[in-house]
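Asks: Structure below; questions to follow.
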Amino acid sequence: MAANLIVRGRYVVTSCDSPGGDVEEDAAVAIDGARIVAVDRADVLIERHPEAEVIGSDRHLVIPGLINSHHHGWGLSPMQLGAPDGLLETWLIDLISLPHLDHFSDILFAATKMIRSGVTTVQHSGISRDFAALAEETDQALRAYEESGMRAAYAVQFRNRNSYVYEDDETFLSRLEPATAERLRTATEAMGGASVDECEAIAREMVQRYKDHETIKVLLCAEGPEWCDDDLLRRLRALADELGTGIHLHCLESPYQREYLRREYGDDIVSHLDDIGLLGPDVSLAHAVWLTEREMRLCQERDVSICHNPSSNLRLQVGIAPATRMMELGVNVALGMDSTGLNDDEDMLFELGLAARLHRAPRSLGVQWAPDAVDTLRMATSNAARALGMEDQIGRLKAGYKADVVLLDYEAMTAPFTDPGVNPIDVLVGRGRGRHVDSVIVGGNALLTEGEFVDLDQGKIAADLAESAQKPQPERVRQWVAALEEIKPVVEQFYSGWEEPEYRPDYIPNSRD
């Protein structure tokens, strides 16, 4: 089969299947249209396909496109919009009170930042900014991903309880002064929101619209068991089975969620999710910071994937996910950024380095296994592909796979000197940053070439987004923000009365004894 494009490098990382990674020297990837047709020595492929365009050189590193397994598509970060980092539960109040932006520009700008750091596929967990405009926002988000050229597994959101805290809305409203409760009730009603039936209609429409799309896949997003009751979760399981799509949900992100779910369902929420029939290989859990050993083992048995977000977990004070133990038990662990990168820059290569180092924390005295660079890169390639239900399509550079390829400036990454015996994957995870990304190809189409976008004007997208952020907000939004600001002290007090759960941590950073 003839190739139309050859991507060559000093090193080509074809996969992370082998313990030291599968790295070919002086190699290249031959692409015909949207698919990879061969990986071989560069000179062999160039001779075999004399008509093909050749990009890359012996100063480059070639890797599979990175996969961001959990994201919300925020082009402007919460911090930029006025919600600095804080405790997750109180920060969520700040999050839902942020200004409403042009949703298309917001998603598209987020996509450009991901592409610049080598991300070719994202799993987007839907969270609406304007509750009354879910259908419109979903349409705009998917159109933005289409225009960006990157792949997106977009999970349409569902929730039906606990709007303000981990408590029934009416019970929480009863905690407020009557006038405050009435203002909040009025503001909430004015903001509107899609019913579960409306969310299902949106999901059905989008699954049908994109069923044969090359770069868009539609999933279902149960926002989390603290926000979705059992009836809704069972309904989503049946809907996913009917539509042949997957389910993505937040789960056990914080110790407060762990405690709330313990009070509601007992000590093991993952077993409860299994009891109601939710779990399966098409399910991925975002965060999972507070899983017990029993829950980890159940995830492995049910082939449930975990989407790990180290930066976000650090920024929002929820802890460090026990990813090392999960991997030891055979759980499929993928890597995500949650639109909350540590440096607020959405650099997936930085996230790789953070994940690799974070899980070197001690778990007890003595030497114990810790994930190395190959294990970490696997989290952002084949493991993430598996979490999205695309393991046989993306995440590796092999014949028959989709041609999602990233070309990096390896010479800049190793300057001024790096011992040639160092595994290129160690160099990538240890020193790689978004600035080293040279070219990004998705399905054989170049999105970024020599650091410049082929079809997108990132500067204009950013300017349009900034302009939308400065526009006056509608009156209903201003009333909503005022009502949320008024209840923040009550929200803080709600959580301050909780007892500290006595869970044994997986890692032992230090001791007070």
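Identifiers for the structure tokens are assigned positionally: chains receive A, B, ... in sequence, residues are indexed from 1 per chain, and ligands are indexed from 1 in the order shown.
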Please run DSSP on the backbone and report, as a PyMOL selection string, all residues within region 277-330 of chain A that come out as alpha helix (DSSP H).

Replies: chain A and resi 293-302+310-315+323-328

Asks: Got a sec: who's within 6 Å of region 40-48 of chain A, counting only C-alpha atoms, leaving out chain neighbours fewer than 6 positions off, as an MDAnalysis selection string?

Replies: chainID A and resid 26:28

Asks: Restricted to all heavy atoms, what would the selected residues look like written as a PDB file, in the first residue's frame?

Replies:
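What follows is the written file result.pdb:
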```
ATOM      1  N   ASP A  26      16.321   5.671  14.290  1.00  0.00           N
ATOM      2  CA  ASP A  26      16.389   6.038  12.865  1.00  0.00           C
ATOM      3  C   ASP A  26      15.218   5.436  12.102  1.00  0.00           C
ATOM      4  O   ASP A  26      15.376   4.779  11.065  1.00  0.00           O
ATOM      5  CB  ASP A  26      17.714   5.579  12.245  1.00  0.00           C
ATOM      6  CG  ASP A  26      18.915   6.289  12.848  1.00  0.00           C
ATOM      7  OD1 ASP A  26      18.779   7.481  13.187  1.00  0.00           O
ATOM      8  OD2 ASP A  26      19.964   5.653  13.009  1.00  0.00           O
ATOM      9  N   ALA A  27      14.031   5.654  12.627  1.00  0.00           N
ATOM     10  CA  ALA A  27      12.833   5.006  12.094  1.00  0.00           C
ATOM     11  C   ALA A  27      11.829   6.048  11.604  1.00  0.00           C
ATOM     12  O   ALA A  27      12.057   7.260  11.694  1.00  0.00           O
ATOM     13  CB  ALA A  27      12.212   4.109  13.157  1.00  0.00           C
ATOM     14  N   ALA A  28      10.723   5.547  11.080  1.00  0.00           N
ATOM     15  CA  ALA A  28       9.689   6.434  10.557  1.00  0.00           C
ATOM     16  C   ALA A  28       8.349   5.724  10.578  1.00  0.00           C
ATOM     17  O   ALA A  28       8.272   4.494  10.692  1.00  0.00           O
ATOM     18  CB  ALA A  28      10.031   6.886   9.138  1.00  0.00           C
TER      19      ALA A  28
END
```

Asks: Would you mind telling me which residue in A:Arg235, A:Tyr256, A:Gly20, A:Val119 lies nearest to Phe350 (chain A) when using only C-alpha atoms?

Replies: A:Val119

Asks: Within 8 Å of region 71-87 of chain A, counting only C-alpha atoms, which residues qualify if same-chain residues fewer than 2 places away don't, as a VMD selection string?

Replies: chain A and resid 68 to 69 89 to 91 94 to 95 98 to 99 105 to 111 113 122 to 127 315 to 318 336 to 340 344 465 469

Asks: Taking only C-alpha atoms into account, which of A:Arg8, A:Arg478, A:Arg433, A:Lys398 comes nearest Arg35 (chain A)?

Replies: A:Lys398

Asks: Which residues are close to region 194-202 of chain A, i.e. within 12 Å by only C-alpha atoms, leaving aside same-chain residues fewer than 6 positions away? Reply as a ChimeraX atom specification.

Replies: /A:126,128,130-139,155-161,208-209,218-222,228-229,231-233,235-236,238-240,243

Asks: Just N, CA, C and O atoms for this one: save the residues we selected as a compact mmCIF listing (two decimals), in the first residue's frame.

Replies:
```txt
# COMPACT_ATOMS: atom_id res chain seq x y z
N GLY A 126 -18.84 16.64 30.25
CA GLY A 126 -19.67 17.82 30.11
C GLY A 126 -20.07 18.43 31.44
O GLY A 126 -20.57 17.73 32.33
N SER A 128 -22.06 22.10 32.26
CA SER A 128 -22.62 23.30 31.66
C SER A 128 -22.31 24.54 32.49
O SER A 128 -22.27 24.49 33.72
N ASP A 130 -24.10 27.50 31.49
CA ASP A 130 -25.45 28.08 31.46
C ASP A 130 -26.43 26.91 31.46
O ASP A 130 -26.67 26.26 30.45
N PHE A 131 -27.03 26.64 32.61
CA PHE A 131 -27.85 25.45 32.78
C PHE A 131 -29.02 25.41 31.80
O PHE A 131 -29.49 24.34 31.41
N ALA A 132 -29.52 26.59 31.40
CA ALA A 132 -30.68 26.65 30.51
C ALA A 132 -30.31 26.42 29.05
O ALA A 132 -31.19 26.32 28.20
N ALA A 133 -29.01 26.34 28.77
CA ALA A 133 -28.57 26.27 27.37
C ALA A 133 -27.77 25.00 27.10
O ALA A 133 -26.84 25.01 26.29
N LEU A 134 -28.12 23.90 27.76
CA LEU A 134 -27.33 22.68 27.62
C LEU A 134 -27.30 22.19 26.18
O LEU A 134 -26.24 21.80 25.67
N ALA A 135 -28.43 22.19 25.50
CA ALA A 135 -28.46 21.71 24.11
C ALA A 135 -27.55 22.57 23.23
O ALA A 135 -26.76 22.05 22.43
N GLU A 136 -27.66 23.88 23.40
CA GLU A 136 -26.85 24.79 22.59
C GLU A 136 -25.37 24.64 22.93
O GLU A 136 -24.51 24.61 22.04
N GLU A 137 -25.04 24.55 24.22
CA GLU A 137 -23.64 24.39 24.61
C GLU A 137 -23.05 23.08 24.10
O GLU A 137 -21.90 23.03 23.67
N THR A 138 -23.82 22.01 24.17
CA THR A 138 -23.34 20.73 23.67
C THR A 138 -23.06 20.81 22.18
O THR A 138 -22.01 20.34 21.70
N ASP A 139 -23.98 21.42 21.44
CA ASP A 139 -23.78 21.60 19.99
C ASP A 139 -22.54 22.44 19.71
O ASP A 139 -21.72 22.08 18.84
N ALA A 155 -18.75 13.43 26.62
CA ALA A 155 -19.74 12.80 27.51
C ALA A 155 -20.81 13.82 27.90
O ALA A 155 -20.52 14.79 28.61
N VAL A 156 -22.03 13.60 27.43
CA VAL A 156 -23.16 14.51 27.71
C VAL A 156 -23.58 14.36 29.17
O VAL A 156 -23.78 13.25 29.66
N GLN A 157 -23.73 15.48 29.85
CA GLN A 157 -23.89 15.47 31.30
C GLN A 157 -25.30 15.12 31.77
O GLN A 157 -26.30 15.43 31.11
N PHE A 158 -25.36 14.46 32.94
CA PHE A 158 -26.62 14.15 33.63
C PHE A 158 -26.39 14.34 35.13
O PHE A 158 -25.37 13.92 35.67
N ARG A 159 -27.36 14.94 35.81
CA ARG A 159 -27.39 15.00 37.27
C ARG A 159 -28.81 15.32 37.70
O ARG A 159 -29.58 15.91 36.92
N ASN A 160 -29.17 14.96 38.93
CA ASN A 160 -30.55 15.24 39.37
C ASN A 160 -30.67 15.51 40.87
O ASN A 160 -31.78 15.42 41.41
N ARG A 161 -29.54 15.85 41.54
CA ARG A 161 -29.68 16.15 42.97
C ARG A 161 -28.46 16.93 43.48
O ARG A 161 -27.47 17.08 42.81
N GLN A 208 -26.68 9.99 17.41
CA GLN A 208 -27.12 9.76 16.03
C GLN A 208 -26.34 10.64 15.05
O GLN A 208 -25.90 10.17 14.00
N ARG A 209 -26.17 11.91 15.43
CA ARG A 209 -25.51 12.85 14.52
C ARG A 209 -24.06 12.45 14.26
O ARG A 209 -23.56 12.59 13.13
N VAL A 218 -19.58 10.16 21.04
CA VAL A 218 -20.44 10.69 22.09
C VAL A 218 -20.64 9.63 23.17
O VAL A 218 -20.95 8.47 22.88
N LEU A 219 -20.43 10.05 24.43
CA LEU A 219 -20.60 9.20 25.60
C LEU A 219 -21.66 9.82 26.51
O LEU A 219 -22.23 10.87 26.22
N LEU A 220 -21.90 9.16 27.63
CA LEU A 220 -22.79 9.68 28.66
C LEU A 220 -21.96 10.02 29.90
O LEU A 220 -21.06 9.28 30.27
N CYS A 221 -22.28 11.16 30.53
CA CYS A 221 -21.57 11.57 31.74
C CYS A 221 -22.55 11.63 32.91
O CYS A 221 -23.39 12.53 32.99
N ALA A 222 -22.45 10.63 33.79
CA ALA A 222 -23.13 10.74 35.08
C ALA A 222 -22.17 11.54 35.96
O ALA A 222 -21.07 11.09 36.25
N CYS A 228 -26.06 12.06 41.28
CA CYS A 228 -27.00 11.25 40.52
C CYS A 228 -27.55 10.14 41.43
O CYS A 228 -26.76 9.39 42.01
N ASP A 229 -28.86 10.04 41.54
CA ASP A 229 -29.40 8.98 42.39
C ASP A 229 -29.39 7.65 41.64
O ASP A 229 -29.08 7.59 40.43
N ASP A 231 -31.75 5.68 40.57
CA ASP A 231 -32.65 5.55 39.43
C ASP A 231 -32.02 6.15 38.18
O ASP A 231 -32.13 5.57 37.08
N LEU A 232 -31.37 7.29 38.33
CA LEU A 232 -30.72 7.91 37.18
C LEU A 232 -29.54 7.06 36.69
O LEU A 232 -29.36 6.88 35.49
N LEU A 233 -28.75 6.54 37.62
CA LEU A 233 -27.61 5.72 37.20
C LEU A 233 -28.07 4.45 36.47
O LEU A 233 -27.47 4.05 35.47
N ARG A 235 -30.82 4.20 34.79
CA ARG A 235 -31.34 4.67 33.50
C ARG A 235 -30.19 4.91 32.51
O ARG A 235 -30.30 4.56 31.33
N LEU A 236 -29.09 5.47 33.00
CA LEU A 236 -27.94 5.72 32.13
C LEU A 236 -27.29 4.42 31.68
O LEU A 236 -26.82 4.31 30.55
N ALA A 238 -28.86 1.61 31.15
CA ALA A 238 -29.73 1.07 30.10
C ALA A 238 -29.58 1.88 28.81
O ALA A 238 -29.55 1.31 27.70
N LEU A 239 -29.43 3.19 28.95
CA LEU A 239 -29.29 4.04 27.76
C LEU A 239 -27.96 3.77 27.06
O LEU A 239 -27.91 3.70 25.82
N ALA A 240 -26.90 3.61 27.84
CA ALA A 240 -25.59 3.30 27.24
C ALA A 240 -25.63 1.97 26.52
O ALA A 240 -25.06 1.82 25.43
N LEU A 243 -27.61 2.52 23.22
CA LEU A 243 -26.93 3.34 22.22
C LEU A 243 -25.54 2.83 21.86
O LEU A 243 -24.93 3.30 20.90
```

Asks: List as a ChimeraX atom specification the protein and nucleic acid residues near Asp372 (chain A), meaning an atom at most 12 Å away when only C-alpha atoms are counted, but skip any in the same chain fewer than 5 places from it.

Replies: /A:16,19-21,324,327,352-360,377-379,423,425-430

Asks: Rounded to one decimal, what separation in Å do you get between CA of Ser57 (chain A) and CA of Ser439 (chain A)?

Replies: 12.1 Å

Asks: Using only C-alpha atoms, which of A:Pro64, A:Gly266, A:Gly246, A:Gly33 sits nearest Ile394 (chain A)?

Replies: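 Closest residue, counting only C-alpha atoms: A:Pro64.
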